[in-house]
$ cat upload-v4.cif   # mmCIF, C-alpha atoms
data_work
loop_
_atom_site.label_atom_id
_atom_site.label_comp_id
_atom_site.auth_asym_id
_atom_site.auth_seq_id
_atom_site.Cartn_x
_atom_site.Cartn_y
_atom_site.Cartn_z
CA MET D 1 -3.37 -13.09 22.83
CA SER D 2 -0.54 -11.98 25.10
CA ALA D 3 -0.60 -8.54 26.66
CA ARG D 4 2.32 -7.67 24.39
CA PRO D 5 1.76 -9.44 21.07
CA ARG D 6 4.69 -11.63 20.07
CA VAL D 7 5.45 -10.91 16.43
CA GLY D 8 7.73 -12.57 13.91
CA ILE D 9 9.31 -10.57 11.10
CA VAL D 10 10.30 -12.35 7.88
CA GLY D 11 12.55 -10.14 5.77
CA THR D 12 15.31 -7.91 7.15
CA GLY D 13 15.46 -5.17 4.53
CA PHE D 14 13.99 -1.68 4.58
CA MET D 15 10.35 -2.80 4.89
CA GLY D 16 11.17 -5.32 7.60
CA GLY D 17 12.55 -2.47 9.68
CA VAL D 18 9.48 -0.32 9.03
CA HIS D 19 7.17 -3.11 10.18
CA ALA D 20 9.25 -3.89 13.25
CA ARG D 21 9.35 -0.25 14.39
CA ALA D 22 5.58 0.08 13.93
CA VAL D 23 4.91 -3.12 15.89
CA THR D 24 7.02 -1.98 18.82
CA ALA D 25 5.53 1.53 18.71
CA VAL D 26 2.07 0.12 19.44
CA GLY D 27 3.23 -2.17 22.24
CA GLY D 28 4.14 -5.34 20.39
CA ARG D 29 7.36 -7.30 20.82
CA ILE D 30 9.58 -8.66 18.09
CA ALA D 31 9.99 -12.26 19.24
CA ALA D 32 11.71 -13.77 16.20
CA VAL D 33 13.20 -12.65 12.90
CA LEU D 34 14.21 -14.44 9.72
CA GLY D 35 16.39 -13.02 6.99
CA SER D 36 17.78 -14.30 3.71
CA GLY D 37 20.80 -15.86 5.47
CA PRO D 38 22.26 -16.45 8.95
CA ALA D 39 24.31 -13.24 9.01
CA ARG D 40 21.41 -10.98 8.04
CA THR D 41 19.11 -12.81 10.44
CA ALA D 42 21.54 -12.42 13.36
CA ALA D 43 22.14 -8.73 12.61
CA ALA D 44 18.40 -8.01 12.50
CA ALA D 45 17.71 -9.95 15.70
CA ALA D 46 20.39 -7.93 17.47
CA ARG D 47 18.46 -4.73 16.74
CA TRP D 48 15.41 -5.87 18.70
CA PRO D 49 15.91 -6.85 22.37
CA GLY D 50 14.69 -10.37 23.02
CA ALA D 51 14.27 -11.27 19.35
CA ARG D 52 15.37 -14.77 18.44
CA PRO D 53 17.14 -15.41 15.11
CA ALA D 54 15.19 -18.16 13.34
CA ALA D 55 16.80 -20.78 11.13
CA ASP D 56 13.84 -21.02 8.74
CA LEU D 57 10.12 -20.30 8.61
CA ASP D 58 9.18 -23.46 10.51
CA ASP D 59 11.63 -22.50 13.26
CA LEU D 60 10.16 -19.00 13.39
CA LEU D 61 6.62 -20.37 13.67
CA ALA D 62 7.73 -22.69 16.47
CA THR D 63 8.50 -19.61 18.58
CA GLY D 64 4.81 -19.28 19.49
CA LEU D 65 3.70 -16.07 17.79
CA ASP D 66 0.60 -13.92 17.77
CA ALA D 67 1.31 -12.70 14.21
CA VAL D 68 3.86 -12.92 11.41
CA HIS D 69 4.80 -10.02 9.13
CA LEU D 70 6.07 -11.00 5.67
CA CYS D 71 8.42 -8.38 4.23
CA THR D 72 10.21 -10.49 1.63
CA PRO D 73 10.59 -10.21 -2.16
CA ASN D 74 7.28 -10.55 -3.98
CA HIS D 75 7.72 -14.07 -5.34
CA LEU D 76 7.95 -15.45 -1.79
CA HIS D 77 4.72 -13.93 -0.48
CA ALA D 78 2.30 -16.64 -1.58
CA ARG D 79 4.49 -19.53 -0.49
CA ASP D 80 5.23 -18.12 2.95
CA ALA D 81 1.75 -16.73 3.65
CA GLU D 82 0.24 -20.13 2.86
CA ARG D 83 2.51 -21.79 5.43
CA VAL D 84 1.74 -19.20 8.09
CA ILE D 85 -2.00 -19.57 7.51
CA ALA D 86 -1.69 -23.36 7.68
CA ALA D 87 -0.09 -22.93 11.10
CA GLY D 88 -3.14 -20.94 12.22
CA VAL D 89 -1.15 -17.75 12.76
CA PRO D 90 -2.41 -14.27 11.75
CA VAL D 91 -0.39 -12.81 8.91
CA VAL D 92 0.48 -9.33 7.65
CA CYS D 93 1.83 -9.52 4.11
CA GLU D 94 3.50 -6.74 2.19
CA LYS D 95 1.93 -5.98 -1.17
CA PRO D 96 1.59 -7.44 -3.62
CA LEU D 97 -0.19 -10.20 -1.75
CA ALA D 98 0.88 -12.47 -4.61
CA THR D 99 2.27 -12.09 -8.11
CA THR D 100 -0.71 -13.90 -9.69
CA VAL D 101 -4.44 -13.58 -9.20
CA ALA D 102 -4.77 -17.32 -8.69
CA ASP D 103 -2.33 -17.26 -5.78
CA ALA D 104 -4.04 -14.22 -4.24
CA GLU D 105 -7.42 -15.94 -4.52
CA ARG D 106 -6.07 -19.11 -2.92
CA LEU D 107 -4.50 -17.20 -0.02
CA THR D 108 -7.63 -15.16 0.63
CA ALA D 109 -9.81 -18.27 0.65
CA ALA D 110 -7.37 -20.15 2.89
CA ALA D 111 -7.26 -17.30 5.41
CA GLN D 112 -11.04 -17.09 5.50
CA ALA D 113 -11.34 -20.85 6.02
CA ALA D 114 -8.74 -20.77 8.79
CA GLY D 115 -10.33 -17.75 10.44
CA VAL D 116 -7.01 -15.95 10.90
CA VAL D 117 -6.55 -12.18 10.93
CA THR D 118 -4.92 -10.85 7.77
CA ALA D 119 -3.68 -7.44 6.69
CA VAL D 120 -1.91 -5.80 3.75
CA PRO D 121 -0.26 -2.43 4.50
CA PHE D 122 -2.04 0.00 2.22
CA VAL D 123 -1.03 2.56 4.82
CA TYR D 124 -1.83 5.74 2.92
CA ARG D 125 -5.40 5.15 4.05
CA TYR D 126 -4.21 6.26 7.48
CA HIS D 127 -3.45 9.89 6.69
CA PRO D 128 -6.01 11.83 8.75
CA LEU D 129 -6.91 14.11 5.85
CA VAL D 130 -7.46 11.11 3.58
CA ARG D 131 -9.99 9.97 6.16
CA GLU D 132 -11.42 13.49 6.21
CA ALA D 133 -11.92 13.45 2.44
CA ARG D 134 -13.54 10.02 2.64
CA ALA D 135 -15.93 11.11 5.39
CA ARG D 136 -16.96 14.26 3.52
CA ILE D 137 -17.55 12.39 0.27
CA ALA D 138 -19.59 9.70 2.05
CA ALA D 139 -21.71 12.37 3.76
CA ASP D 140 -22.49 14.09 0.45
CA PRO D 141 -24.79 11.85 -1.61
CA ASP D 142 -24.91 14.48 -4.34
CA ALA D 143 -21.13 14.82 -4.65
CA GLY D 144 -21.35 13.60 -8.24
CA LEU D 145 -17.66 12.72 -8.54
CA TRP D 146 -17.12 12.10 -12.23
CA LEU D 147 -13.38 12.65 -12.81
CA LEU D 148 -10.86 10.73 -10.66
CA HIS D 149 -7.25 11.42 -11.52
CA GLY D 150 -3.77 11.59 -10.09
CA SER D 151 -0.27 10.21 -10.07
CA TYR D 152 2.29 8.34 -8.03
CA LEU D 153 5.81 9.42 -8.95
CA GLN D 154 9.22 8.38 -7.61
CA ASP D 155 12.81 8.71 -8.85
CA TRP D 156 14.67 5.90 -7.07
CA LEU D 157 15.14 4.07 -10.38
CA GLY D 158 16.07 7.20 -12.32
CA ASP D 159 19.71 6.11 -12.52
CA ARG D 160 20.48 3.70 -15.36
CA ALA D 161 22.88 1.87 -13.03
CA ALA D 162 20.17 1.41 -10.37
CA ASP D 163 18.87 -2.13 -10.19
CA ASN D 164 17.54 -4.62 -7.65
CA TRP D 165 15.33 -7.69 -7.45
CA ARG D 166 12.18 -5.70 -8.23
CA THR D 167 13.22 -5.25 -11.89
CA ALA D 168 13.28 -9.03 -12.47
CA PRO D 169 9.83 -10.43 -13.28
CA GLU D 170 10.67 -13.83 -11.77
CA LEU D 171 11.17 -12.08 -8.40
CA GLY D 172 8.98 -8.98 -8.54
CA GLY D 173 6.22 -10.13 -10.86
CA ALA D 174 5.07 -9.22 -14.36
CA THR D 175 4.45 -5.59 -13.39
CA ARG D 176 6.90 -3.45 -11.44
CA ALA D 177 5.98 0.25 -11.24
CA PHE D 178 2.24 -0.30 -11.33
CA GLY D 179 2.36 -3.40 -9.14
CA ASP D 180 4.60 -1.67 -6.61
CA ILE D 181 3.07 1.80 -6.32
CA GLY D 182 0.16 2.08 -8.76
CA VAL D 183 -1.86 -0.31 -6.63
CA HIS D 184 -1.45 2.04 -3.66
CA TRP D 185 -3.11 4.84 -5.63
CA CYS D 186 -5.93 2.59 -6.83
CA ASP D 187 -6.58 1.31 -3.32
CA LEU D 188 -6.67 4.87 -2.03
CA MET D 189 -9.04 6.04 -4.79
CA GLU D 190 -11.49 3.20 -4.19
CA TYR D 191 -11.28 3.58 -0.41
CA VAL D 192 -11.86 7.34 -0.41
CA THR D 193 -14.54 7.60 -3.11
CA GLY D 194 -16.37 4.28 -2.89
CA HIS D 195 -15.99 3.87 -6.65
CA ARG D 196 -14.68 0.58 -8.07
CA ILE D 197 -12.58 0.37 -11.22
CA THR D 198 -14.38 -1.74 -13.82
CA ARG D 199 -12.32 -1.30 -17.01
CA VAL D 200 -8.80 -0.10 -17.81
CA LEU D 201 -6.69 0.92 -20.79
CA ALA D 202 -2.98 0.99 -20.02
CA ARG D 203 0.39 1.71 -21.59
CA PHE D 204 3.70 0.74 -20.03
CA GLY D 205 6.97 2.56 -20.68
CA ARG D 206 10.64 2.36 -19.76
CA ALA D 207 13.15 5.10 -19.09
CA PHE D 208 15.95 2.66 -19.98
CA ALA D 209 16.02 -0.43 -22.16
CA GLU D 210 18.93 -1.79 -20.10
CA ARG D 211 20.03 -1.41 -16.49
CA GLY D 212 23.09 -2.12 -14.43
CA PRO D 213 26.71 -0.98 -14.17
CA VAL D 214 28.64 -0.12 -17.32
CA GLY D 215 29.81 -3.31 -19.00
CA ALA D 216 27.28 -5.49 -17.21
CA ARG D 217 23.92 -4.08 -18.24
CA THR D 218 20.97 -6.36 -18.89
CA ALA D 219 17.67 -5.86 -20.69
CA VAL D 220 14.83 -4.45 -18.59
CA ALA D 221 11.75 -6.66 -18.70
CA THR D 222 9.39 -4.63 -16.48
CA GLU D 223 8.02 -1.11 -16.74
CA ASP D 224 9.51 2.06 -15.25
CA GLY D 225 6.15 3.76 -15.54
CA ALA D 226 2.57 3.47 -16.72
CA VAL D 227 -0.32 5.58 -17.93
CA VAL D 228 -3.72 4.11 -17.12
CA SER D 229 -7.18 5.37 -17.99
CA PHE D 230 -10.15 3.73 -16.32
CA GLU D 231 -13.91 3.67 -15.80
CA THR D 232 -15.79 3.01 -12.56
CA ASP D 233 -18.98 1.30 -11.51
CA ARG D 234 -20.54 4.71 -10.77
CA GLY D 235 -19.96 6.11 -14.23
CA ALA D 236 -16.81 8.11 -13.52
CA ILE D 237 -13.75 8.23 -15.73
CA GLY D 238 -10.21 8.55 -14.49
CA SER D 239 -6.51 8.47 -15.18
CA LEU D 240 -3.35 7.56 -13.32
CA VAL D 241 0.30 8.24 -14.15
CA VAL D 242 2.87 6.06 -12.38
CA SER D 243 6.66 6.38 -12.51
CA GLN D 244 9.72 5.18 -10.66
CA ALA D 245 12.07 7.26 -12.82
CA SER D 246 10.81 10.87 -12.58
CA ALA D 247 13.68 13.06 -11.37
CA GLY D 248 12.99 14.94 -8.16
CA ARG D 249 9.84 13.01 -7.28
CA LYS D 250 10.66 11.09 -4.12
CA ASN D 251 7.25 9.70 -3.20
CA ARG D 252 4.60 11.96 -4.69
CA LEU D 253 1.25 10.24 -4.41
CA TRP D 254 -1.29 12.85 -5.48
CA PHE D 255 -4.99 12.64 -6.26
CA SER D 256 -7.83 14.91 -7.31
CA PHE D 257 -11.39 13.60 -7.09
CA ASP D 258 -13.57 16.06 -8.94
CA GLY D 259 -17.28 16.85 -8.95
CA PRO D 260 -19.26 19.78 -10.35
CA ASP D 261 -19.72 21.32 -6.90
CA ARG D 262 -16.71 20.10 -4.93
CA SER D 263 -13.31 18.58 -5.67
CA TYR D 264 -10.83 17.04 -3.26
CA ALA D 265 -7.06 17.02 -3.77
CA PHE D 266 -4.32 15.54 -1.57
CA ASP D 267 -0.54 15.19 -1.88
CA GLN D 268 1.17 12.55 0.27
CA GLU D 269 4.39 14.60 0.30
CA ASP D 270 2.44 17.46 1.88
CA PRO D 271 -0.01 15.51 4.04
CA GLU D 272 -0.95 18.31 6.40
CA GLN D 273 -3.48 19.82 4.02
CA LEU D 274 -6.50 18.83 1.96
CA TRP D 275 -7.58 21.12 -0.88
CA ILE D 276 -11.36 21.33 -1.28
CA GLY D 277 -12.36 23.09 -4.46
CA GLY D 278 -15.60 24.96 -4.99
CA ARG D 279 -16.96 26.95 -7.95
CA ASP D 280 -17.08 30.20 -6.00
CA ALA D 281 -14.33 29.61 -3.47
CA SER D 282 -11.85 26.93 -2.49
CA THR D 283 -10.56 25.91 0.92
CA VAL D 284 -7.26 24.53 2.15
CA LEU D 285 -8.09 22.42 5.18
CA ARG D 286 -5.22 21.90 7.61
CA ARG D 287 -4.93 18.69 9.62
CA ASP D 288 -6.43 19.17 13.08
CA PRO D 289 -7.50 16.49 15.59
CA ALA D 290 -10.48 18.71 16.41
CA LEU D 291 -12.03 18.17 12.98
CA PRO D 292 -15.41 16.42 13.32
CA SER D 293 -14.29 13.59 11.03
CA ALA D 294 -10.83 13.14 12.57
CA HIS D 295 -11.76 9.80 14.18
CA ALA D 296 -10.04 10.86 17.39
CA ASP D 297 -11.53 7.82 19.09
CA ARG D 298 -9.34 5.57 16.92
CA PHE D 299 -6.28 7.63 16.18
CA ASP D 300 -3.99 9.60 18.42
CA PRO D 301 -2.88 12.29 15.98
CA LEU D 302 -0.31 14.84 16.88
CA PRO D 303 -1.60 18.32 17.73
CA ALA D 304 -2.36 20.62 14.83
CA GLY D 305 0.81 22.15 13.46
CA HIS D 306 2.94 19.13 14.39
CA PRO D 307 3.41 17.32 11.07
CA GLN D 308 2.47 13.68 10.71
CA GLY D 309 3.78 11.39 8.03
CA TYR D 310 4.36 7.90 6.69
CA ARG D 311 5.73 6.48 9.93
CA THR D 312 2.66 7.58 11.89
CA CYS D 313 0.43 6.04 9.23
CA PHE D 314 2.28 2.74 9.59
CA GLU D 315 1.93 2.87 13.36
CA ASP D 316 -1.82 3.48 13.05
CA PHE D 317 -2.01 0.52 10.68
CA ALA D 318 -0.12 -1.62 13.21
CA ALA D 319 -2.51 -0.46 15.93
CA ASP D 320 -5.47 -1.61 13.82
CA VAL D 321 -3.78 -4.98 13.29
CA ARG D 322 -3.33 -5.31 17.05
CA ALA D 323 -6.99 -4.40 17.61
CA ALA D 324 -8.01 -7.11 15.13
CA LEU D 325 -5.83 -9.63 16.99
CA ASP D 326 -7.74 -8.65 20.14
CA GLY D 327 -11.05 -9.33 18.38
CA ARG D 328 -11.81 -5.67 17.71
CA PRO D 329 -11.57 -5.36 13.91
CA ALA D 330 -11.31 -1.73 12.84
CA ASP D 331 -13.13 -0.14 9.94
CA GLY D 332 -10.66 0.54 7.17
CA LEU D 333 -8.03 -2.09 8.03
CA PRO D 334 -6.84 -3.37 4.64
CA THR D 335 -7.01 -7.18 4.57
CA PHE D 336 -6.20 -9.99 2.13
CA ALA D 337 -9.46 -9.14 0.36
CA ASP D 338 -7.93 -5.76 -0.49
CA GLY D 339 -4.72 -7.47 -1.55
CA LEU D 340 -6.74 -9.70 -3.87
CA ARG D 341 -8.49 -6.65 -5.29
CA ALA D 342 -5.09 -5.08 -6.03
CA ALA D 343 -3.94 -8.29 -7.72
CA ARG D 344 -6.98 -8.27 -10.00
CA ILE D 345 -6.45 -4.63 -10.97
CA SER D 346 -2.74 -5.30 -11.59
CA ALA D 347 -3.55 -8.26 -13.82
CA ALA D 348 -6.04 -6.23 -15.85
CA VAL D 349 -3.60 -3.33 -16.25
CA THR D 350 -0.78 -5.68 -17.28
CA ALA D 351 -3.00 -7.46 -19.81
CA SER D 352 -4.22 -4.16 -21.24
CA ALA D 353 -0.66 -2.87 -21.63
CA ALA D 354 0.39 -6.11 -23.32
CA HIS D 355 -2.48 -6.21 -25.80
CA GLY D 356 -3.30 -2.52 -26.22
CA THR D 357 -6.98 -3.09 -25.51
CA HIS D 358 -9.54 -2.19 -22.89
CA THR D 359 -9.59 -4.86 -20.18
CA GLU D 360 -12.31 -5.61 -17.66
CA VAL D 361 -11.48 -5.80 -13.95
CA PRO D 362 -13.31 -8.68 -12.24
CA THR D 363 -15.36 -7.78 -9.18
#
$ encode --input "upload-v4.cif" --output "structure tokens"
Amino acid sequence: MSARPRVGIVGTGFMGGVHARAVTAVGGRIAAVLGSGPARTAAAAARWPGARPAADLDDLLATGLDAVHLCTPNHLHARDAERVIAAGVPVVCEKPLATTVADAERLTAAAQAAGVVTAVPFVYRYHPLVREARARIAADPDAGLWLLHGSYLQDWLGDRAADNWRTAPELGGATRAFGDIGVHWCDLMEYVTGHRITRVLARFGRAFAERGPVGARTAVATEDGAVVSFETDRGAIGSLVVSQASAGRKNRLWFSFDGPDRSYAFDQEDPEQLWIGGRDASTVLRRDPALPSAHADRFDPLPAGHPQGYRTCFEDFAADVRAALDGRPADGLPTFADGLRAARISAAVTASAAHGTHTEVPT
């Protein structure tokens, strides 16, 4: 691999910009970009010195790249990832990895057969205090976590007039709110606790039956929110509330993982602290690189008292991708296997909501 990895970005919207900034922050170079049309492609290429506007995916791959980041609408992920893998190029794919389990299984198998590096940006794993909670739980064999609960709440679709491609199942997939943000929470829960969801019971709901501007509203086919109860392979029970239409909630991913002796709670909107509950006393742990579990050998966190956030998490994720490209795979890098896991949970939740029954999650 080149000293400065040459990266291609497919998709020029918000997430494409997030990926590009993270790549450059860890020493990579945006070598080529591809948008939904020539004008968007040219405008995106102009933002990154030396980036070449590509005419199509084959043209982008012909640039000679060390990795491709796919930041396109969901229905394009499987098609484009398959072509990148076939070219033998490592691929980072936004979640969902695919809108069907079959496609996610095929992509995961193809990547394994080709031996290419893969990644899916479940970046909330990279909050230092999430890692702290994980390390403490792993070091406590008697933690006895039995109640795993939380929520992921946003309000960006709280306006009846708000609409975009994500609300259309043919573009975003059969599940919207859960498939977009609920899978982040589930990935985080399984990563931190080591538990695996085995069975779910879900209900989907909508804030609005129709969306769009006055006089041009159309029926909403996907959910604005979900309530999911679940069981795990270690005998725990849990619940998750997901919403994209909860006023005032911008990006509140919150969890509480509870045991009889200790409980752990974290709020992504206030990521500088981890609440550790005890029967006699509770502790609020502030982020500090000096913490024994801070993994200072892998991360370069800001000094205590200098807040970190989503952008830093994405940069740490990009650094782990670069390490994997160099042949130094990092513990905790989410790969296509994690994307497949999310697809299986999404499918089970969607089926449960459709039929009103408990649904098993394949392992």
$ residues_around --input "upload-v4.cif" --residues "segment 57-68 of chain D" --least-positions-apart "3" --cutoff "9 Å" --atoms "only C-alpha atoms" --output "list in words"
Met1, Ser2, Pro5, Arg6, Val7, Gly8, Ile9, Val10, Ala31, Ala32, Val33, Leu34, Arg52, Pro53, Ala54, Asp80, Ala81, Arg83, Val84, Ala87, Val89, Pro90, Val91, Val92, Cys93, Val117 and Leu325 of chain D
$ closest_residue --input "upload-v4.cif" --among "D:Arg344, D:Pro141, D:Arg211, D:Ala226" --to "Ser246 of chain D" --atoms "all atoms listed in the file"
D:Ala226
$ atom_distance --input "upload-v4.cif" --atom1 "atom CA of Ser263 of chain D" --atom2 "atom CA of Ile276 of chain D"
5.5 Å
$ closest_atom_pairs --input "upload-v4.cif" --of "segment 240-320 of chain D" --to "segment 119-139 of chain D" --cutoff "10 Å" --atoms "only C-alpha atoms" --output "tab-separated table"
residue	atom	partner	partner_atom	distance
D:Leu253	CA	D:Tyr124	CA	9.1
D:Phe257	CA	D:Ala133	CA	9.5
D:Arg262	CA	D:Ile137	CA	9.3
D:Ser263	CA	D:Ile137	CA	9.6
D:Tyr264	CA	D:Ala133	CA	6.8
D:Ala265	CA	D:Ala133	CA	8.7
D:Phe266	CA	D:Val130	CA	7.5
D:Asp267	CA	D:Val130	CA	9.7
D:Gln268	CA	D:Tyr124	CA	7.9
D:Pro271	CA	D:His127	CA	7.1
D:Glu272	CA	D:Leu129	CA	7.3
D:Gln273	CA	D:Leu129	CA	6.9
D:Leu274	CA	D:Leu129	CA	6.1
D:Trp275	CA	D:Ala133	CA	9.4
D:Ile276	CA	D:Ala133	CA	8.7
D:Leu285	CA	D:Leu129	CA	8.4
D:Arg286	CA	D:Leu129	CA	8.2
D:Arg287	CA	D:Leu129	CA	6.3
D:Asp288	CA	D:Pro128	CA	8.5
D:Pro289	CA	D:Pro128	CA	8.4
D:Leu291	CA	D:Glu132	CA	8.3
D:Pro292	CA	D:Glu132	CA	8.7
D:Ser293	CA	D:Glu132	CA	5.6
D:Ala294	CA	D:Pro128	CA	6.3
D:His295	CA	D:Pro128	CA	8.2
D:Ala296	CA	D:Pro128	CA	9.6
D:Phe299	CA	D:Pro128	CA	8.5
D:Pro301	CA	D:Pro128	CA	7.9
D:Gln308	CA	D:His127	CA	8.1
D:Gly309	CA	D:His127	CA	7.5
D:Tyr310	CA	D:Tyr124	CA	7.6
D:Arg311	CA	D:Val123	CA	9.3
D:Thr312	CA	D:Tyr126	CA	8.3
D:Cys313	CA	D:Tyr126	CA	5.0
D:Phe314	CA	D:Val123	CA	5.8
D:Glu315	CA	D:Val123	CA	9.0
D:Asp316	CA	D:Tyr126	CA	6.7
D:Phe317	CA	D:Val123	CA	6.3
D:Ala318	CA	D:Pro121	CA	8.7
D:Asp320	CA	D:Ala119	CA	9.4
$ resolve_selection --input "upload-v4.cif" --expression "the PyMOL selection byres ((chain D and resi 12) around 9)" --output "PyMOL selection string"
chain D and resi 9-11+13-17+33-36+40-41+43-44+71-72
$ resolve_selection --input "upload-v4.cif" --expression "the PyMOL selection byres ((chain D and resi 358) around 12)" --output "count of residues only"
23
